There are 2 protein chains.
Amino acid sequence: MSAKLGVVAVGNALVDVLSQATDDFLATQKNKHGMEKGAMTLIDEPRAVELYSEMGPGIETSGGSAANTMAGFASFGGKGGFIGKVANDKLGQTFQHDIRAQGVTFTTTPLAIGAPTGRCLILVTPDAQRTMNTFLGASVEFTEEDIDEDLIASAQVTYLEGYLFDREQAKRAFVRAADAAHDAGSRVALSLSDPFCVDRHRDDFRKLVENHVDILFANEDEIKSLYQVKSFEEAAAAVNDKCEIAVLTRSEKGAVVLSNGEQIVVSAAPVTKVIDTTGAGDQFAAGFLYGFTEKMPLEKCGKLGAAAAAEVIGHIGPRPQMAYRDLIKKAA
Amino acid sequence: MSAKLGVVAVGNALVDVLSQATDDFLATQKNKHGMEKGAMTLIDEPRAVELYSEMGPGIETSGGSAANTMAGFASFGGKGGFIGKVANDKLGQTFQHDIRAQGVTFTTTPLAIGAPTGRCLILVTPDAQRTMNTFLGASVEFTEEDIDEDLIASAQVTYLEGYLFDREQAKRAFVRAADAAHDAGSRVALSLSDPFCVDRHRDDFRKLVENHVDILFANEDEIKSLYQVKSFEEAAAAVNDKCEIAVLTRSEKGAVVLSNGEQIVVSAAPVTKVIDTTGAGDQFAAGFLYGFTEKMPLEKCGKLGAAAAAEVIGHIGPRPQMAYRDLIKKAA
């Protein structure tokens, strides 16, 4: 069938609560609760309530790594879809409103009874680093049955969020989504999401990358964790023949795109002031995938990714605060 | 009794939903629903649901004009309190968490049954102007009984939000609050809030200013509306002998402080890029009141106001995204 959508993403459906915090606050939380600065820690509902009561004033915005990517992809002008699980509550309504209002197709049935909509409590320190604490809530009730194979078959690329790997049934859903995509002649992309997440599921991730993934997104720490090597160069050499395209992001050092033995270096786009790095990787993927689905050369795809990442780290929150289609001319 | 708090504010307890919108979208909404660009329009619950479904992705943050001022005041290091009405629901919990997490005393009993927590749907256009649509919800159930006279008596200044004048019973609560403040030897401050709000209640506002207000905050449009004059100079002359201090803000032209026949001109503080003007007046008042309660000269009070206003218009949302105490040294 002909591809009607550019990208369909599968990921956690979360609402973010972003708050500014001091390094002292993080140090106390690390001692008491094992919170790792810069990483994503899974928490349960009582801990989410406790942490919320301890943290400062918040800003609420729809989040979820792959959902953020789809918001950015749509902001570039791309047609996309998202598959993920919310509950029938206020946060679930917010998530649904925001993703649809951005122009993304979202049809997953909300969870009727049980857990509330998942949320991510994000502490932003003065160095603009974000430290995430995720209560997955309804998003863990995501199963193979939620994989809309028709939606996936209608897209050029199916994009999978690594964070979902923290649940067994979501892993099975991943394989089902990947198979549906390949059966339809589409490509499968994966984001590794977090070095600690990679650490928790290294073997499964390696298998998935080798057997099912065409386009891999990872940052430096994630790709080094996947292959348990110490340098970026070793990691790049290890991933080189494992999939069609590997997009390796390196924060202020830009990114490296590996494809067919070729290595394309992309510079980071300029930023006046880095405020909050939440969503940087998500929006890099958004720009790259928009360029890719519009058949642009890989270097151009990388430039769009860098431009979107630069926008999102200039403000609080993981989604676009401008129309990304205006970045396309600038990157030309 | 000795003043333990700097400022206690009385105002609407709202949660803001901020979204970017085009001028075309606003023009359509103006034709169909009378929405005025740059102003605050009161809406009912069905209209709030309809507008939310039509607007783009949102960012939710606690708002309410006087509550924003208290958040800024506390961020400077001031001790403050807030009186306003939320419901026992998710948005009400968010409002309570945010104001207390900022360090502001908030003890008003939430509404047990009836209307949900009020919200303000804010459309931000590319020129950074904000257009507000307020469903007052539980905040209209604010009555004289909610005026905590002990809290008011413990503060140097009681700050009243003009928007509350849209309800008769809130007007009576205002007078009660003002009387309680004066009985305790404290000052009463008022923000006019909005030129259309002034237009709806001009006579009552004039009486309040002449009989009860020591410190008046107004922007150029509001003060011109109050005295029905065409120029800023005429408005300044009209207000000059009506209260102890008048703080008249003029956007990029800075502000003018009138006191005892003296006129102090304050320049606007530099801003790299104006993103969203929501909260500019609220944070000007925060800085001014902080300086005032710390017995600083009026010029310094104005500078702190200008510095806080410059910070808040540099990002989306009406509350501080940095510690305002760091602005104090800069303004010195």
# chains A, B, ... in the order shown; residues from 1 in each chain; ligands from 1

call {"tool": "interface_residues", "arguments": {"of": "chain A", "to": "chain B", "cutoff": "7 Å", "atoms": "only C-alpha atoms", "output": "MDAnalysis selection string"}}
result
chainID A and resid 55:61 97:99 101:102

call {"tool": "residues_around", "arguments": {"residues": "Ala331 of chain A", "least_positions_apart": "6", "cutoff": "10 Å", "atoms": "only C-alpha atoms", "output": "ChimeraX atom specification"}}
result
/A:269,300-307

call {"tool": "write_last_selection", "arguments": {"atoms": "C-alpha atoms", "output": "mmCIF file, in the first residue's frame"}}
result
data_model
loop_
_atom_site.group_PDB
_atom_site.id
_atom_site.type_symbol
_atom_site.label_atom_id
_atom_site.label_comp_id
_atom_site.auth_asym_id
_atom_site.auth_seq_id
_atom_site.Cartn_x
_atom_site.Cartn_y
_atom_site.Cartn_z
ATOM 1 C CA ALA A 269 23.299 24.581 15.677
ATOM 2 C CA LYS A 300 20.432 17.812 5.383
ATOM 3 C CA CYS A 301 18.483 15.448 7.643
ATOM 4 C CA GLY A 302 21.164 15.904 10.276
ATOM 5 C CA LYS A 303 21.050 19.690 9.945
ATOM 6 C CA LEU A 304 17.289 19.729 10.492
ATOM 7 C CA GLY A 305 17.785 17.559 13.568
ATOM 8 C CA ALA A 306 20.435 19.910 14.935
ATOM 9 C CA ALA A 307 18.214 22.950 14.287
#

call {"tool": "residues_around", "arguments": {"residues": "Gly38 of chain B", "least_positions_apart": "3", "cutoff": "12 Å", "atoms": "only C-alpha atoms", "output": "PyMOL selection string"}}
result
chain B and resi 23+26+30+35+41+122-125+127-133+193-196+221+276-278

call {"tool": "write_last_selection", "arguments": {"atoms": "C-alpha atoms", "output": "mmCIF file, in the first residue's frame"}}
result
data_model
loop_
_atom_site.group_PDB
_atom_site.id
_atom_site.type_symbol
_atom_site.label_atom_id
_atom_site.label_comp_id
_atom_site.auth_asym_id
_atom_site.auth_seq_id
_atom_site.Cartn_x
_atom_site.Cartn_y
_atom_site.Cartn_z
ATOM 1 C CA ASP B 23 -3.424 36.239 14.114
ATOM 2 C CA LEU B 26 -7.615 35.269 16.706
ATOM 3 C CA LYS B 30 -13.066 37.643 17.404
ATOM 4 C CA MET B 35 -12.340 37.734 21.623
ATOM 5 C CA THR B 41 -12.467 38.005 28.007
ATOM 6 C CA ILE B 122 -4.112 32.172 26.819
ATOM 7 C CA LEU B 123 -3.304 32.559 23.141
ATOM 8 C CA VAL B 124 0.168 33.914 22.436
ATOM 9 C CA THR B 125 0.561 35.447 18.957
ATOM 10 C CA ASP B 127 4.171 39.404 18.267
ATOM 11 C CA ALA B 128 4.392 37.967 21.867
ATOM 12 C CA GLN B 129 1.034 39.555 22.781
ATOM 13 C CA ARG B 130 -1.198 37.461 25.036
ATOM 14 C CA THR B 131 -4.977 37.216 24.660
ATOM 15 C CA MET B 132 -6.741 35.754 27.670
ATOM 16 C CA ASN B 133 -10.003 33.837 27.968
ATOM 17 C CA SER B 193 -5.638 44.492 35.703
ATOM 18 C CA ASP B 194 -7.244 45.280 32.310
ATOM 19 C CA PRO B 195 -8.671 48.324 30.452
ATOM 20 C CA PHE B 196 -11.908 46.469 29.641
ATOM 21 C CA ASP B 221 -4.360 51.813 28.770
ATOM 22 C CA ASP B 276 5.256 36.072 25.708
ATOM 23 C CA THR B 277 4.105 39.175 27.556
ATOM 24 C CA THR B 278 1.856 37.201 29.947
#

call {"tool": "select_by_dssp", "arguments": {"residues": "segment 3-38 of chain B", "states": "alpha helix (DSSP H)", "output": "list in words"}}
result
Asp23, Asp24, Phe25, Leu26, Ala27, Thr28, Gln29, Lys30, Asn31, Lys32 and His33 of chain B

call {"tool": "residues_around", "arguments": {"residues": "Ala177 of chain B", "least_positions_apart": "2", "cutoff": "8 Å", "atoms": "only C-alpha atoms", "output": "compact mmCIF listing (two decimals) with N, CA and C atoms, in the first residue's frame"}}
result
# COMPACT_ATOMS: atom_id res chain seq x y z
N ILE B 147 -11.93 36.21 53.43
CA ILE B 147 -10.92 37.21 53.81
C ILE B 147 -10.39 36.88 55.21
N GLU B 149 -8.65 37.96 58.03
CA GLU B 149 -8.25 39.28 58.54
C GLU B 149 -6.95 39.22 59.35
N ILE B 152 -4.15 39.27 56.81
CA ILE B 152 -4.03 40.63 56.28
C ILE B 152 -3.38 41.56 57.29
N THR B 158 -1.52 44.93 51.66
CA THR B 158 -2.53 44.02 51.10
C THR B 158 -2.74 44.42 49.64
N ALA B 173 -15.82 41.84 49.41
CA ALA B 173 -14.65 41.23 50.05
C ALA B 173 -13.46 42.18 49.99
N PHE B 174 -13.33 42.89 48.85
CA PHE B 174 -12.25 43.87 48.68
C PHE B 174 -12.29 44.94 49.77
N VAL B 175 -13.47 45.49 49.96
CA VAL B 175 -13.60 46.57 50.94
C VAL B 175 -13.28 46.04 52.34
N ASP B 179 -10.32 47.47 54.66
CA ASP B 179 -10.58 47.95 56.03
C ASP B 179 -9.70 47.22 57.05
N ALA B 180 -9.60 45.91 56.89
CA ALA B 180 -8.78 45.12 57.82
C ALA B 180 -7.33 45.59 57.76
N ALA B 181 -6.84 45.88 56.55
CA ALA B 181 -5.45 46.33 56.39
C ALA B 181 -5.26 47.67 57.08

call {"tool": "atom_distance", "arguments": {"atom1": "atom CA of Ala280 of chain B", "atom2": "atom CA of Glu311 of chain B"}}
result
8.6 Å

call {"tool": "atom_distance", "arguments": {"atom1": "atom CA of Ala66 of chain B", "atom2": "atom CA of Gly80 of chain B"}}
result
11.3 Å

call {"tool": "closest_residue", "arguments": {"among": "B:Ala286, B:Ala13, B:Val257, B:Leu216", "to": "Gln93 of chain B", "atoms": "only C-alpha atoms"}}
result
B:Ala13

call {"tool": "residues_around", "arguments": {"residues": "Ser139 of chain A", "least_positions_apart": "4", "cutoff": "12 Å", "atoms": "only C-alpha atoms", "output": "count of residues only"}}
result
37

call {"tool": "select_by_dssp", "arguments": {"residues": "segment 159-244 of chain A", "states": "strand (DSSP E or B)", "output": "JSON, numbers by chain"}}
result
{"A": [159, 160, 161, 187, 188, 189, 190, 191, 215, 216, 217, 218, 219]}

call {"tool": "write_last_selection", "arguments": {"atoms": "N, CA and C atoms", "output": "short mmCIF file (atom, residue, chain, number, x, y, z; two decimals), in the first residue's frame"}}
result
data_model
loop_
_atom_site.label_atom_id
_atom_site.label_comp_id
_atom_site.auth_asym_id
_atom_site.auth_seq_id
_atom_site.Cartn_x
_atom_site.Cartn_y
_atom_site.Cartn_z
N TYR A 159 8.71 4.32 14.35
CA TYR A 159 9.74 4.79 15.28
C TYR A 159 9.44 4.27 16.68
N LEU A 160 10.36 3.52 17.26
CA LEU A 160 10.15 2.88 18.56
C LEU A 160 11.00 3.55 19.65
N GLU A 161 10.37 3.78 20.79
CA GLU A 161 11.04 4.43 21.92
C GLU A 161 11.63 3.40 22.86
N ARG A 187 10.33 1.11 6.93
CA ARG A 187 11.53 1.00 7.76
C ARG A 187 11.18 1.09 9.25
N VAL A 188 12.09 0.52 10.06
CA VAL A 188 11.93 0.57 11.51
C VAL A 188 13.07 1.39 12.12
N ALA A 189 12.70 2.38 12.93
CA ALA A 189 13.70 3.19 13.63
C ALA A 189 13.56 2.96 15.13
N LEU A 190 14.67 3.10 15.84
CA LEU A 190 14.67 2.91 17.30
C LEU A 190 15.51 4.00 17.95
N SER A 191 15.00 4.53 19.06
CA SER A 191 15.81 5.42 19.89
C SER A 191 16.21 4.67 21.15
N ILE A 215 17.06 2.14 11.25
CA ILE A 215 17.63 3.44 11.61
C ILE A 215 17.72 3.51 13.13
N LEU A 216 18.95 3.67 13.63
CA LEU A 216 19.15 3.71 15.08
C LEU A 216 19.53 5.12 15.52
N PHE A 217 18.84 5.63 16.56
CA PHE A 217 19.19 6.91 17.18
C PHE A 217 19.76 6.63 18.57
N ALA A 218 20.91 7.23 18.85
CA ALA A 218 21.51 7.05 20.18
C ALA A 218 22.41 8.24 20.46
N ASN A 219 22.55 8.57 21.73
CA ASN A 219 23.58 9.57 22.05
C ASN A 219 24.85 8.81 22.45
#

call {"tool": "closest_residue", "arguments": {"among": "B:Pro297, B:Gly279, B:Gly6, B:Gly287", "to": "Gly63 of chain B", "atoms": "only C-alpha atoms"}}
result
B:Gly279

call {"tool": "atom_distance", "arguments": {"atom1": "atom CA of Glu144 of chain A", "atom2": "atom CA of Arg176 of chain A"}}
result
6.9 Å
